[in-house]
file start_25.cif (mmCIF, C-alpha atoms)
data_work
#
loop_
_atom_site.label_atom_id
_atom_site.label_comp_id
_atom_site.auth_asym_id
_atom_site.auth_seq_id
_atom_site.Cartn_x
_atom_site.Cartn_y
_atom_site.Cartn_z
CA MET A 1 54.88 -22.42 61.63
CA LYS A 2 56.91 -25.11 63.40
CA ASP A 3 59.84 -22.73 63.93
CA LYS A 4 57.51 -20.07 65.31
CA PHE A 5 55.98 -22.59 67.74
CA LEU A 6 59.41 -23.70 68.95
CA LYS A 7 60.49 -20.09 69.34
CA ILE A 8 57.51 -19.46 71.61
CA LEU A 9 57.90 -22.77 73.46
CA LEU A 10 61.59 -22.17 74.21
CA ASN A 11 61.18 -18.55 75.29
CA PRO A 12 61.28 -18.22 79.10
CA LYS A 13 58.92 -15.23 79.03
CA TYR A 14 56.08 -17.32 77.63
CA ILE A 15 56.49 -20.39 79.83
CA PHE A 16 57.00 -18.17 82.90
CA GLY A 17 53.77 -16.41 81.97
CA VAL A 18 52.01 -19.77 81.82
CA TYR A 19 53.23 -20.49 85.35
CA LEU A 20 51.78 -17.24 86.68
CA ILE A 21 48.44 -17.89 84.97
CA ILE A 22 48.32 -21.38 86.48
CA ALA A 23 49.17 -19.93 89.91
CA VAL A 24 46.06 -17.75 89.79
CA VAL A 25 43.78 -20.30 88.14
CA THR A 26 44.62 -23.07 90.62
CA ALA A 27 44.17 -20.72 93.58
CA ILE A 28 40.78 -19.40 92.45
CA SER A 29 39.67 -22.91 91.49
CA LYS A 30 40.49 -24.20 94.97
CA PHE A 31 38.80 -21.21 96.64
CA SER A 32 35.61 -21.73 94.62
CA ARG A 33 35.28 -25.25 96.02
CA GLY A 34 34.94 -24.06 99.61
CA TYR A 35 37.13 -23.79 102.68
CA GLN A 36 37.79 -27.50 102.94
CA ALA A 37 39.56 -27.31 99.58
CA ILE A 38 41.88 -24.55 100.81
CA ASN A 39 42.67 -26.18 104.13
CA ASN A 40 46.44 -25.83 103.63
CA TYR A 41 46.08 -22.08 103.17
CA MET A 42 43.84 -21.83 106.24
CA ILE A 43 46.56 -23.54 108.27
CA PHE A 44 49.16 -21.13 106.89
CA LYS A 45 46.97 -18.07 107.41
CA ASN A 46 46.26 -18.95 111.02
CA VAL A 47 49.93 -19.30 111.85
CA PHE A 48 49.90 -15.50 111.74
CA PHE A 49 46.70 -15.02 113.74
CA ASN A 50 47.65 -17.66 116.29
CA THR A 51 51.01 -15.98 116.74
CA ILE A 52 49.34 -12.62 117.41
CA ASP A 53 46.96 -14.29 119.87
CA GLU A 54 49.87 -16.30 121.33
CA LYS A 55 48.06 -19.60 120.85
CA ASN A 56 50.01 -22.83 120.49
CA LEU A 57 50.82 -23.13 116.78
CA TYR A 58 50.94 -26.93 116.84
CA LEU A 59 47.55 -27.86 118.24
CA GLN A 60 44.44 -28.69 116.24
CA TYR A 61 41.82 -25.97 115.80
CA PRO A 62 38.92 -27.79 114.11
CA GLU A 63 36.78 -24.64 114.07
CA ARG A 64 39.34 -23.08 111.69
CA TYR A 65 40.92 -25.99 109.83
CA PHE A 66 41.65 -29.70 110.07
CA ASP A 67 45.10 -31.26 110.44
CA MET A 68 47.97 -29.37 112.10
CA ASN A 69 50.60 -26.77 111.33
CA HIS A 70 54.22 -27.92 111.03
CA TYR A 71 55.91 -24.64 110.07
CA GLY A 72 58.05 -22.47 112.34
CA VAL A 73 56.78 -19.32 114.04
CA PHE A 74 58.87 -17.18 111.64
CA PHE A 75 56.48 -18.30 108.89
CA SER A 76 53.90 -16.00 110.49
CA LEU A 77 55.88 -13.04 109.11
CA LEU A 78 55.92 -14.41 105.55
CA ILE A 79 52.23 -15.25 105.48
CA ALA A 80 51.09 -12.05 107.25
CA PRO A 81 50.48 -9.86 104.15
CA PHE A 82 48.35 -12.57 102.56
CA ALA A 83 46.51 -13.49 105.77
CA LEU A 84 45.28 -9.88 106.11
CA MET A 85 43.68 -9.93 102.64
CA PRO A 86 40.34 -11.41 101.60
CA ASP A 87 40.93 -15.13 101.16
CA TRP A 88 40.37 -15.20 97.39
CA LEU A 89 43.00 -12.51 96.91
CA GLY A 90 45.38 -13.80 99.57
CA ILE A 91 45.40 -17.29 98.08
CA SER A 92 46.05 -15.98 94.58
CA LEU A 93 48.90 -13.70 95.62
CA TRP A 94 50.33 -16.42 97.88
CA ASN A 95 50.56 -18.82 94.94
CA ILE A 96 52.01 -16.07 92.75
CA ALA A 97 54.63 -15.16 95.36
CA ASN A 98 55.81 -18.76 95.68
CA THR A 99 55.88 -19.11 91.92
CA VAL A 100 57.89 -15.92 91.41
CA VAL A 101 60.62 -17.19 93.78
CA PHE A 102 60.84 -20.45 91.82
CA LEU A 103 60.86 -18.72 88.43
CA TYR A 104 63.49 -16.24 89.56
CA ALA A 105 65.66 -19.15 90.70
CA ILE A 106 65.35 -20.73 87.25
CA HIS A 107 66.21 -17.35 85.69
CA LYS A 108 69.40 -17.22 87.78
CA LEU A 109 70.65 -20.62 86.59
CA PRO A 110 73.63 -20.34 84.20
CA PHE A 111 71.79 -21.87 81.26
CA SER A 112 70.72 -20.43 77.92
CA ASP A 113 67.21 -18.99 77.63
CA SER A 114 66.03 -22.00 75.65
CA LYS A 115 67.34 -24.37 78.33
CA LYS A 116 65.68 -22.33 81.08
CA ALA A 117 62.40 -22.50 79.18
CA LEU A 118 62.76 -26.27 78.71
CA PHE A 119 63.65 -26.64 82.40
CA ALA A 120 60.46 -24.82 83.39
CA LEU A 121 58.39 -26.77 80.86
CA LEU A 122 59.62 -30.12 82.19
CA CYS A 123 58.84 -29.05 85.78
CA LEU A 124 55.38 -27.78 84.87
CA GLN A 125 53.30 -30.85 85.77
CA GLU A 126 55.01 -31.24 89.13
CA TYR A 127 54.59 -27.52 89.72
CA ILE A 128 50.83 -27.86 89.11
CA THR A 129 50.65 -30.65 91.72
CA ALA A 130 52.31 -28.36 94.28
CA ALA A 131 50.35 -25.24 93.26
CA ILE A 132 47.02 -27.04 93.63
CA SER A 133 48.01 -27.77 97.23
CA LEU A 134 49.01 -24.10 97.73
CA GLN A 135 52.38 -25.37 98.91
CA PHE A 136 55.41 -23.41 100.17
CA ASN A 137 57.61 -26.12 98.62
CA ILE A 138 57.54 -24.15 95.37
CA ALA A 139 59.30 -21.22 97.04
CA LEU A 140 61.50 -23.53 99.13
CA VAL A 141 63.09 -25.17 96.09
CA GLY A 142 63.56 -21.70 94.65
CA LEU A 143 65.38 -20.58 97.82
CA LEU A 144 67.64 -23.64 97.71
CA MET A 145 68.49 -23.03 94.06
CA LEU A 146 69.15 -19.35 94.74
CA SER A 147 71.40 -20.16 97.69
CA ALA A 148 73.64 -22.12 95.29
CA THR A 149 73.70 -19.58 92.47
CA TYR A 150 74.41 -16.74 94.92
CA ILE A 151 77.39 -18.66 96.30
CA TYR A 152 78.88 -18.94 92.81
CA GLU A 153 78.25 -15.21 92.31
CA LYS A 154 80.05 -14.53 95.62
CA LYS A 155 76.91 -13.00 97.13
CA GLU A 156 77.28 -14.68 100.50
CA VAL A 157 74.71 -12.55 102.35
CA LYS A 158 71.95 -13.30 99.83
CA SER A 159 72.88 -16.99 99.81
CA VAL A 160 72.78 -17.43 103.57
CA THR A 161 69.57 -15.39 103.81
CA ALA A 162 67.85 -17.85 101.46
CA ILE A 163 69.13 -20.79 103.52
CA VAL A 164 68.17 -19.33 106.91
CA ILE A 165 64.65 -18.43 105.76
CA GLY A 166 64.19 -22.03 104.60
CA ILE A 167 65.44 -23.33 107.96
CA PHE A 168 63.19 -21.07 110.04
CA VAL A 169 60.13 -21.98 107.97
CA LYS A 170 60.51 -25.69 107.38
CA LEU A 171 63.99 -26.84 108.54
CA TYR A 172 64.55 -28.26 105.04
CA GLY A 173 66.54 -25.14 104.19
CA ILE A 174 69.48 -26.56 106.15
CA VAL A 175 70.45 -28.69 103.16
CA GLY A 176 71.47 -25.46 101.45
CA LEU A 177 74.66 -25.80 103.48
CA SER A 178 75.67 -28.57 101.06
CA GLN A 179 77.25 -25.72 99.05
CA PHE A 180 79.34 -24.49 102.01
CA PHE A 181 82.64 -25.86 100.71
CA PHE A 182 82.29 -23.80 97.55
CA ILE A 183 82.09 -20.49 99.42
CA LYS A 184 85.09 -18.19 98.96
CA ASN A 185 84.46 -15.89 101.94
CA LYS A 186 83.28 -18.37 104.57
CA MET A 187 83.60 -15.94 107.47
CA LYS A 188 81.31 -13.41 105.77
CA PHE A 189 78.80 -16.21 105.12
CA ILE A 190 78.88 -17.37 108.76
CA LEU A 191 78.61 -13.89 110.29
CA ALA A 192 75.79 -12.91 107.92
CA GLY A 193 74.04 -16.17 108.78
CA ILE A 194 74.20 -15.39 112.50
CA VAL A 195 72.76 -11.92 111.94
CA VAL A 196 69.94 -13.16 109.71
CA ALA A 197 69.14 -15.98 112.14
CA VAL A 198 68.89 -13.54 115.04
CA LEU A 199 66.55 -11.34 113.01
CA CYS A 200 64.37 -14.33 112.10
CA LEU A 201 64.21 -15.25 115.78
CA VAL A 202 63.50 -11.76 117.10
CA ILE A 203 61.09 -10.23 114.56
CA PRO A 204 58.07 -12.42 115.50
CA MET A 205 58.60 -11.32 119.11
CA ALA A 206 57.59 -7.81 118.08
CA TYR A 207 53.98 -8.87 117.45
CA SER A 208 53.78 -11.67 120.01
CA SER A 209 56.25 -12.02 122.89
CA PRO A 210 59.75 -13.44 123.52
CA HIS A 211 58.32 -16.17 125.76
CA PHE A 212 55.80 -17.26 123.13
CA VAL A 213 58.41 -17.43 120.36
CA ILE A 214 60.86 -19.46 122.44
CA GLN A 215 58.06 -21.78 123.58
CA SER A 216 56.94 -22.15 119.96
CA TYR A 217 60.33 -23.54 118.95
CA SER A 218 60.10 -26.09 121.74
CA ASP A 219 56.57 -27.01 120.63
CA TRP A 220 57.77 -27.19 117.02
CA SER A 221 60.43 -29.78 117.85
CA HIS A 222 57.86 -32.00 119.59
CA SER A 223 55.48 -31.56 116.67
CA LEU A 224 58.08 -32.64 114.10
CA ILE A 225 59.08 -35.70 116.10
CA SER A 226 55.43 -36.72 116.40
CA LYS A 227 54.83 -36.08 112.70
CA ASN A 228 57.79 -38.24 111.72
CA ASN A 229 56.41 -41.14 113.75
CA ASP A 230 52.95 -40.66 112.23
CA ASN A 231 54.38 -40.62 108.70
CA GLN A 232 55.94 -44.08 109.01
CA VAL A 233 52.71 -45.89 108.18
CA LEU A 234 52.30 -48.29 105.29
CA GLY A 235 50.06 -47.03 102.49
CA ASN A 236 49.40 -43.47 103.65
CA MET A 237 49.94 -40.31 101.57
CA GLN A 238 53.23 -39.49 103.34
CA ASP A 239 56.65 -41.17 103.23
CA ILE A 240 56.76 -41.13 99.43
CA SER A 241 60.51 -41.57 99.58
CA LEU A 242 63.28 -44.08 99.18
CA MET A 243 62.62 -45.04 102.79
CA GLY A 244 58.89 -45.37 102.22
CA PHE A 245 59.42 -47.42 99.07
CA VAL A 246 61.62 -49.94 100.90
CA ARG A 247 59.36 -50.07 103.96
CA ARG A 248 56.30 -50.72 101.81
CA ILE A 249 57.93 -53.29 99.56
CA LEU A 250 59.10 -55.18 102.65
CA GLY A 251 55.82 -54.53 104.48
CA ASN A 252 57.70 -53.30 107.55
CA ALA A 253 56.91 -49.78 108.79
CA SER A 254 59.20 -50.14 111.80
CA ILE A 255 62.47 -49.78 109.89
CA SER A 256 64.10 -46.68 111.36
CA ASN A 257 65.03 -43.62 109.33
CA LEU A 258 68.52 -43.97 110.79
CA THR A 259 68.92 -47.29 109.00
CA PHE A 260 68.51 -45.53 105.67
CA LEU A 261 70.51 -42.46 106.63
CA ALA A 262 73.40 -44.71 107.68
CA PHE A 263 74.05 -45.50 104.01
CA GLY A 264 72.38 -42.46 102.40
CA VAL A 265 74.43 -39.75 104.14
CA PRO A 266 77.87 -41.30 103.38
CA LEU A 267 76.80 -41.79 99.77
CA PHE A 268 75.67 -38.17 99.59
CA VAL A 269 78.88 -36.88 101.18
CA ILE A 270 81.51 -38.97 99.39
CA PRO A 271 81.63 -36.81 96.20
CA TYR A 272 83.12 -34.00 98.30
CA ILE A 273 86.46 -35.86 98.23
CA ARG A 274 86.87 -34.58 94.65
CA VAL A 275 88.26 -31.23 95.76
CA LYS A 276 89.77 -30.46 92.35
CA GLN A 277 86.24 -30.37 90.87
CA TYR A 278 85.05 -27.66 93.26
CA LYS A 279 86.02 -24.86 90.88
CA ASN A 280 83.66 -26.13 88.18
CA TYR A 281 80.18 -24.58 88.36
CA ALA A 282 78.75 -27.73 86.77
CA PHE A 283 80.05 -29.77 89.72
CA GLN A 284 78.48 -27.34 92.18
CA LEU A 285 75.16 -27.55 90.35
CA MET A 286 75.31 -31.35 90.28
CA ILE A 287 75.80 -31.26 94.07
CA LEU A 288 72.69 -29.07 94.17
CA ALA A 289 70.80 -31.66 92.09
CA SER A 290 71.92 -34.39 94.49
CA THR A 291 70.85 -32.24 97.46
CA LEU A 292 67.34 -31.59 96.13
CA LEU A 293 66.84 -35.29 95.43
CA PHE A 294 68.31 -36.39 98.76
CA LEU A 295 66.09 -33.99 100.68
CA VAL A 296 62.94 -35.63 99.33
CA LEU A 297 64.11 -39.25 99.10
CA PHE A 298 65.33 -39.37 102.70
CA SER A 299 62.39 -37.64 104.38
CA SER A 300 59.42 -39.52 105.82
CA GLY A 301 57.45 -36.28 105.40
CA SER A 302 57.69 -36.37 101.62
CA GLU A 303 54.32 -36.33 99.89
CA SER A 304 53.28 -35.82 96.30
CA PRO A 305 53.44 -31.98 96.34
CA THR A 306 56.96 -32.17 97.81
CA TYR A 307 58.26 -33.58 94.53
CA ILE A 308 58.62 -30.17 92.91
CA ILE A 309 61.90 -30.14 94.89
CA ALA A 310 63.12 -33.52 93.62
CA VAL A 311 62.01 -32.92 90.04
CA ALA A 312 63.89 -29.60 89.97
CA GLY A 313 66.95 -31.63 90.99
CA VAL A 314 66.32 -34.05 88.13
CA MET A 315 66.03 -31.18 85.65
CA ILE A 316 69.31 -29.63 86.82
CA TRP A 317 70.98 -33.01 86.26
CA TYR A 318 69.38 -33.38 82.83
CA THR A 319 70.14 -29.83 81.68
CA LEU A 320 73.82 -30.21 82.58
CA GLN A 321 74.22 -33.23 80.28
CA LYS A 322 76.35 -32.41 77.24
CA GLU A 323 75.20 -35.57 75.46
CA LYS A 324 71.58 -36.65 75.80
CA THR A 325 72.22 -40.38 75.47
CA PRO A 326 69.35 -42.91 75.18
CA LEU A 327 69.86 -43.77 78.86
CA ILE A 328 69.62 -40.12 79.93
CA LEU A 329 66.48 -39.59 77.84
CA ALA A 330 64.95 -42.83 79.14
CA LEU A 331 65.49 -41.75 82.75
CA LEU A 332 63.96 -38.33 82.02
CA ILE A 333 60.88 -39.91 80.41
CA PHE A 334 60.59 -42.33 83.34
CA VAL A 335 60.58 -39.39 85.78
CA ILE A 336 58.00 -37.44 83.77
CA ILE A 337 55.62 -40.39 83.41
CA LEU A 338 55.77 -42.06 86.83
CA THR A 339 56.87 -39.24 89.13
CA CYS A 340 55.19 -36.23 87.53
CA PHE A 341 52.02 -37.73 86.06
CA SER A 342 51.24 -40.53 88.55
CA PRO A 343 48.91 -38.26 90.62
CA SER A 344 47.04 -37.22 87.46
CA ASP A 345 44.16 -38.84 85.58
CA LEU A 346 46.71 -40.40 83.24
CA PHE A 347 46.75 -43.31 85.69
CA PRO A 348 43.51 -45.11 86.64
CA LYS A 349 42.44 -44.79 90.29
CA PHE A 350 42.87 -48.53 90.80
CA ILE A 351 46.52 -48.35 89.73
CA LYS A 352 47.18 -45.25 91.83
CA LYS A 353 45.61 -46.67 94.97
CA ASN A 354 46.84 -50.26 94.81
CA TYR A 355 50.31 -49.73 93.40
CA ILE A 356 51.59 -46.16 93.13
CA ILE A 357 50.43 -44.96 96.56
CA LYS A 358 50.65 -48.34 98.28
CA TYR A 359 54.32 -48.82 97.34
CA SER A 360 55.47 -45.17 97.03
CA LEU A 361 56.27 -45.78 93.36
CA LYS A 362 56.32 -42.05 92.62
CA ALA A 363 59.75 -42.04 94.28
CA VAL A 364 61.30 -44.79 92.16
CA PRO A 365 62.43 -42.78 89.09
CA CYS A 366 63.98 -40.14 91.35
CA ILE A 367 65.76 -42.85 93.36
CA ILE A 368 67.38 -44.16 90.18
CA VAL A 369 68.33 -40.68 89.01
CA TRP A 370 69.88 -39.88 92.41
CA PHE A 371 72.11 -42.96 92.22
CA ARG A 372 73.05 -41.89 88.69
CA VAL A 373 73.89 -38.38 89.97
CA ILE A 374 76.16 -39.82 92.67
CA TYR A 375 77.88 -42.00 90.05
CA GLU A 376 78.52 -38.96 87.84
CA LEU A 377 79.76 -36.87 90.76
CA LEU A 378 82.30 -39.57 91.55
CA THR A 379 83.52 -40.37 88.02
CA LYS A 380 83.03 -37.47 85.58
CA ASP A 381 85.28 -34.57 84.63
CA PHE A 382 82.98 -31.60 85.08
CA GLU A 383 85.16 -29.30 83.02
CA LYS A 384 84.92 -31.47 79.92
CA ASP A 385 81.81 -33.66 80.24
CA TYR A 386 79.15 -31.05 81.04
CA THR A 387 77.82 -27.84 79.57
CA LEU A 388 76.20 -24.74 81.02
CA ASN A 389 75.22 -23.07 77.74
#
call {"tool": "encode", "arguments": {"input": "start_25.cif", "output": "structure tokens"}}
result
Amino acid sequence: MKDKFLKILLNPKYIFGVYLIIAVVTAISKFSRGYQAINNYMIFKNVFFNTIDEKNLYLQYPERYFDMNHYGVFFSLLIAPFALMPDWLGISLWNIANTVVFLYAIHKLPFSDSKKALFALLCLQEYITAAISLQFNIALVGLLMLSATYIYEKKEVKSVTAIVIGIFVKLYGIVGLSQFFFIKNKMKFILAGIVVAVLCLVIPMAYSSPHFVIQSYSDWSHSLISKNNDNQVLGNMQDISLMGFVRRILGNASISNLTFLAFGVPLFVIPYIRVKQYKNYAFQLMILASTLLFLVLFSSGSESPTYIIAVAGVMIWYTLQKEKTPLILALLIFVIILTCFSPSDLFPKFIKKNYIIKYSLKAVPCIIVWFRVIYELLTKDFEKDYTLN
């Protein structure tokens, strides 16, 4: 009985099926609670309709939704098929589509089936947090993972396509370029990237206008700058990051992002000096883990649903470990308890409000893991000390 249970638990088909069921259940559950509960989707949906009507994408439209859109005009193309459906169906298929990208990215990782299943299982709680919010972050982390695996497979066009789509939707996709030094045919990658970028720029012009699209990118830049300033507030639901943690512990919201990036970026970049490790896929994947963690920990826009990106980075780091030492296991458990389950009912509301949210404690386990990842990138032999099978 125990062996049969483990066989089911460690079979990717079953855990992937659970993901797809959750995608539908969370979407329908949110829809049944009324339009206020699906506000994120209403923002996404109206990116398409506002693009067709050539209305500023970055203003508030309280008659349709509250809050504001912060995605690029190219996102209108991705959301269009879902926006044209009845909302209950559009929401369900939107969640499924994001989930499929993420699951396919896990499938493409060079791990055994049992490790892929465990990877998905350990990400499940964080996935639920993102799926409940109907977030694109689920697909974004999938695109970033795919961009890395495609580079190793020498599929430069597919890799750069994943990166460019991420950039044109949310800018975050630019971190996919962290794998650039591992590309064999860099010229093919660059030329394909230019072509894909031009397509992403031009296609929305076909159902709006060139002037509107160009103006939208200008509006987008102003919107992101304003959002960054708004996020740097003590105790809000944003800035759940290394930066937010330090700001809130010190009680000083005025500390600039540049102060953190001044030490964070050099620390992120320094492992690239180990050129002899480039040939090892495990090294490339550990760079990917560092990238996914860095993206979340050094962004003032990080919120709880964003952590599907960071937690995927943690699971790549954990899965690569040849020896699961007590320290490695302790860090994993710390991430699962405080990062993954802190938004859940496992923690009393008093604790969540007065400690976890107030001090951005959800970020702390991932901060520690990121420093551990950097240490391993600088000191380990990735041919001997890590395993892909």
call {"tool": "residues_around", "arguments": {"input": "start_25.cif", "residues": "Ser290 of chain A", "least_positions_apart": "2", "cutoff": "7 Å", "atoms": "only C-alpha atoms", "output": "PyMOL selection string"}}
result
chain A and resi 286-288+292-294+313+370+373
call {"tool": "closest_residue", "arguments": {"input": "start_25.cif", "among": "A:Lys188, A:Lys322, A:Lys55, A:Lys362", "to": "Val335 of chain A", "atoms": "only C-alpha atoms"}}
result
A:Lys362
call {"tool": "closest_residue", "arguments": {"input": "start_25.cif", "among": "A:Tyr14, A:Tyr127, A:Tyr150, A:Trp317", "to": "Ser304 of chain A", "atoms": "all atoms listed in the file"}}
result
A:Tyr127
call {"tool": "closest_residue", "arguments": {"input": "start_25.cif", "among": "A:Ile190, A:Ile43, A:Leu346, A:Leu285", "to": "Ala83 of chain A", "atoms": "all atoms listed in the file"}}
result
A:Ile43
call {"tool": "closest_residue", "arguments": {"input": "start_25.cif", "among": "A:Tyr58, A:Tyr278, A:Tyr152, A:Phe283", "to": "Tyr71 of chain A", "atoms": "all atoms listed in the file"}}
result
A:Tyr58
call {"tool": "residues_around", "arguments": {"input": "start_25.cif", "residues": "Thr99 of chain A", "least_positions_apart": "4", "cutoff": "8 Å", "atoms": "all atoms listed in the file", "output": "list in words"}}
result
Tyr19, Leu20, Ala23, Asn95, Leu103, Ile138 and Ala139 of chain A
call {"tool": "residues_near_point", "arguments": {"input": "start_25.cif", "point": "(63.4, -26.6, 81.0)", "cutoff": "10 Å", "atoms": "only C-alpha atoms", "output": "list in words"}}
result
Leu10, Pro12, Ile15, Ile106, Phe111, Asp113, Ser114, Lys115, Lys116, Ala117, Leu118, Phe119, Ala120, Leu121, Leu122, Cys123, Leu124, Ala312, Met315, Ile316, Tyr318 and Thr319 of chain A
call {"tool": "resolve_selection", "arguments": {"input": "start_25.cif", "expression": "the PyMOL selection byres ((chain A and resi 38-40) around 9)", "output": "ChimeraX atom specification"}}
result
/A:27,30-31,33-37,41-45,64-67,69,91,133-135
call {"tool": "residues_around", "arguments": {"input": "start_25.cif", "residues": "segment 196-201 of chain A", "least_positions_apart": "3", "cutoff": "10 Å", "atoms": "only C-alpha atoms", "output": "list of chain:residue names"}}
result
A:Val73, A:Phe74, A:Phe75, A:Leu77, A:Val157, A:Val160, A:Thr161, A:Ala162, A:Ile163, A:Val164, A:Ile165, A:Ile167, A:Phe168, A:Val169, A:Ile190, A:Leu191, A:Ala192, A:Gly193, A:Pro204, A:Met205, A:Pro210, A:Val213, A:Ile214, A:Tyr217
call {"tool": "write_last_selection", "arguments": {"input": "start_25.cif", "atoms": "C-alpha atoms", "output": "PDB file, in the coordinates of the input"}}
result
ATOM      1  CA  VAL A  73      56.780 -19.320 114.040  1.00  0.00           C
ATOM      2  CA  PHE A  74      58.870 -17.180 111.640  1.00  0.00           C
ATOM      3  CA  PHE A  75      56.480 -18.300 108.890  1.00  0.00           C
ATOM      4  CA  LEU A  77      55.880 -13.040 109.110  1.00  0.00           C
ATOM      5  CA  VAL A 157      74.710 -12.550 102.350  1.00  0.00           C
ATOM      6  CA  VAL A 160      72.780 -17.430 103.570  1.00  0.00           C
ATOM      7  CA  THR A 161      69.570 -15.390 103.810  1.00  0.00           C
ATOM      8  CA  ALA A 162      67.850 -17.850 101.460  1.00  0.00           C
ATOM      9  CA  ILE A 163      69.130 -20.790 103.520  1.00  0.00           C
ATOM     10  CA  VAL A 164      68.170 -19.330 106.910  1.00  0.00           C
ATOM     11  CA  ILE A 165      64.650 -18.430 105.760  1.00  0.00           C
ATOM     12  CA  ILE A 167      65.440 -23.330 107.960  1.00  0.00           C
ATOM     13  CA  PHE A 168      63.190 -21.070 110.040  1.00  0.00           C
ATOM     14  CA  VAL A 169      60.130 -21.980 107.970  1.00  0.00           C
ATOM     15  CA  ILE A 190      78.880 -17.370 108.760  1.00  0.00           C
ATOM     16  CA  LEU A 191      78.610 -13.890 110.290  1.00  0.00           C
ATOM     17  CA  ALA A 192      75.790 -12.910 107.920  1.00  0.00           C
ATOM     18  CA  GLY A 193      74.040 -16.170 108.780  1.00  0.00           C
ATOM     19  CA  PRO A 204      58.070 -12.420 115.500  1.00  0.00           C
ATOM     20  CA  MET A 205      58.600 -11.320 119.110  1.00  0.00           C
ATOM     21  CA  PRO A 210      59.750 -13.440 123.520  1.00  0.00           C
ATOM     22  CA  VAL A 213      58.410 -17.430 120.360  1.00  0.00           C
ATOM     23  CA  ILE A 214      60.860 -19.460 122.440  1.00  0.00           C
ATOM     24  CA  TYR A 217      60.330 -23.540 118.950  1.00  0.00           C
TER      25      TYR A 217
END
call {"tool": "closest_residue", "arguments": {"input": "start_25.cif", "among": "A:Ala253, A:Pro305, A:Gly176, A:Ile128", "to": "Leu144 of chain A", "atoms": "all atoms listed in the file"}}
result
A:Gly176
call {"tool": "build_atoms", "arguments": {"input": "start_25.cif", "residues": "segment 271-285 of chain A", "atoms": "N, CA and C atoms", "output": "PDB file, in the coordinates of the input"}}
result
ATOM      1  N   PRO A 271      81.108 -37.591  97.324  1.00  0.00           N
ATOM      2  CA  PRO A 271      81.630 -36.810  96.200  1.00  0.00           C
ATOM      3  C   PRO A 271      82.472 -35.599  96.602  1.00  0.00           C
ATOM      4  N   TYR A 272      82.353 -35.160  97.848  1.00  0.00           N
ATOM      5  CA  TYR A 272      83.120 -34.000  98.300  1.00  0.00           C
ATOM      6  C   TYR A 272      84.623 -34.281  98.360  1.00  0.00           C
ATOM      7  N   ILE A 273      85.023 -35.547  98.246  1.00  0.00           N
ATOM      8  CA  ILE A 273      86.460 -35.860  98.230  1.00  0.00           C
ATOM      9  C   ILE A 273      87.116 -35.349  96.951  1.00  0.00           C
ATOM     10  N   ARG A 274      86.322 -35.027  95.936  1.00  0.00           N
ATOM     11  CA  ARG A 274      86.870 -34.580  94.650  1.00  0.00           C
ATOM     12  C   ARG A 274      87.088 -33.054  94.682  1.00  0.00           C
ATOM     13  N   VAL A 275      88.018 -32.647  95.506  1.00  0.00           N
ATOM     14  CA  VAL A 275      88.260 -31.230  95.760  1.00  0.00           C
ATOM     15  C   VAL A 275      88.625 -30.470  94.492  1.00  0.00           C
ATOM     16  N   LYS A 276      89.346 -31.127  93.579  1.00  0.00           N
ATOM     17  CA  LYS A 276      89.770 -30.460  92.350  1.00  0.00           C
ATOM     18  C   LYS A 276      88.596 -30.069  91.456  1.00  0.00           C
ATOM     19  N   GLN A 277      87.431 -30.681  91.676  1.00  0.00           N
ATOM     20  CA  GLN A 277      86.240 -30.370  90.870  1.00  0.00           C
ATOM     21  C   GLN A 277      85.470 -29.171  91.420  1.00  0.00           C
ATOM     22  N   TYR A 278      85.815 -28.726  92.609  1.00  0.00           N
ATOM     23  CA  TYR A 278      85.050 -27.660  93.260  1.00  0.00           C
ATOM     24  C   TYR A 278      84.951 -26.399  92.408  1.00  0.00           C
ATOM     25  N   LYS A 279      85.994 -26.113  91.641  1.00  0.00           N
ATOM     26  CA  LYS A 279      86.020 -24.860  90.880  1.00  0.00           C
ATOM     27  C   LYS A 279      85.043 -24.850  89.715  1.00  0.00           C
ATOM     28  N   ASN A 280      84.557 -26.022  89.326  1.00  0.00           N
ATOM     29  CA  ASN A 280      83.660 -26.130  88.180  1.00  0.00           C
ATOM     30  C   ASN A 280      82.208 -25.891  88.623  1.00  0.00           C
ATOM     31  N   TYR A 281      81.572 -24.909  88.010  1.00  0.00           N
ATOM     32  CA  TYR A 281      80.180 -24.580  88.360  1.00  0.00           C
ATOM     33  C   TYR A 281      79.261 -25.774  88.111  1.00  0.00           C
ATOM     34  N   ALA A 282      79.572 -26.555  87.069  1.00  0.00           N
ATOM     35  CA  ALA A 282      78.750 -27.730  86.770  1.00  0.00           C
ATOM     36  C   ALA A 282      78.786 -28.734  87.928  1.00  0.00           C
ATOM     37  N   PHE A 283      79.938 -28.879  88.563  1.00  0.00           N
ATOM     38  CA  PHE A 283      80.050 -29.770  89.720  1.00  0.00           C
ATOM     39  C   PHE A 283      79.196 -29.241  90.869  1.00  0.00           C
ATOM     40  N   GLN A 284      79.270 -27.943  91.119  1.00  0.00           N
ATOM     41  CA  GLN A 284      78.480 -27.340  92.180  1.00  0.00           C
ATOM     42  C   GLN A 284      76.980 -27.529  91.934  1.00  0.00           C
ATOM     43  N   LEU A 285      76.577 -27.371  90.680  1.00  0.00           N
ATOM     44  CA  LEU A 285      75.160 -27.550  90.350  1.00  0.00           C
ATOM     45  C   LEU A 285      74.736 -29.013  90.457  1.00  0.00           C
TER      46      LEU A 285
END
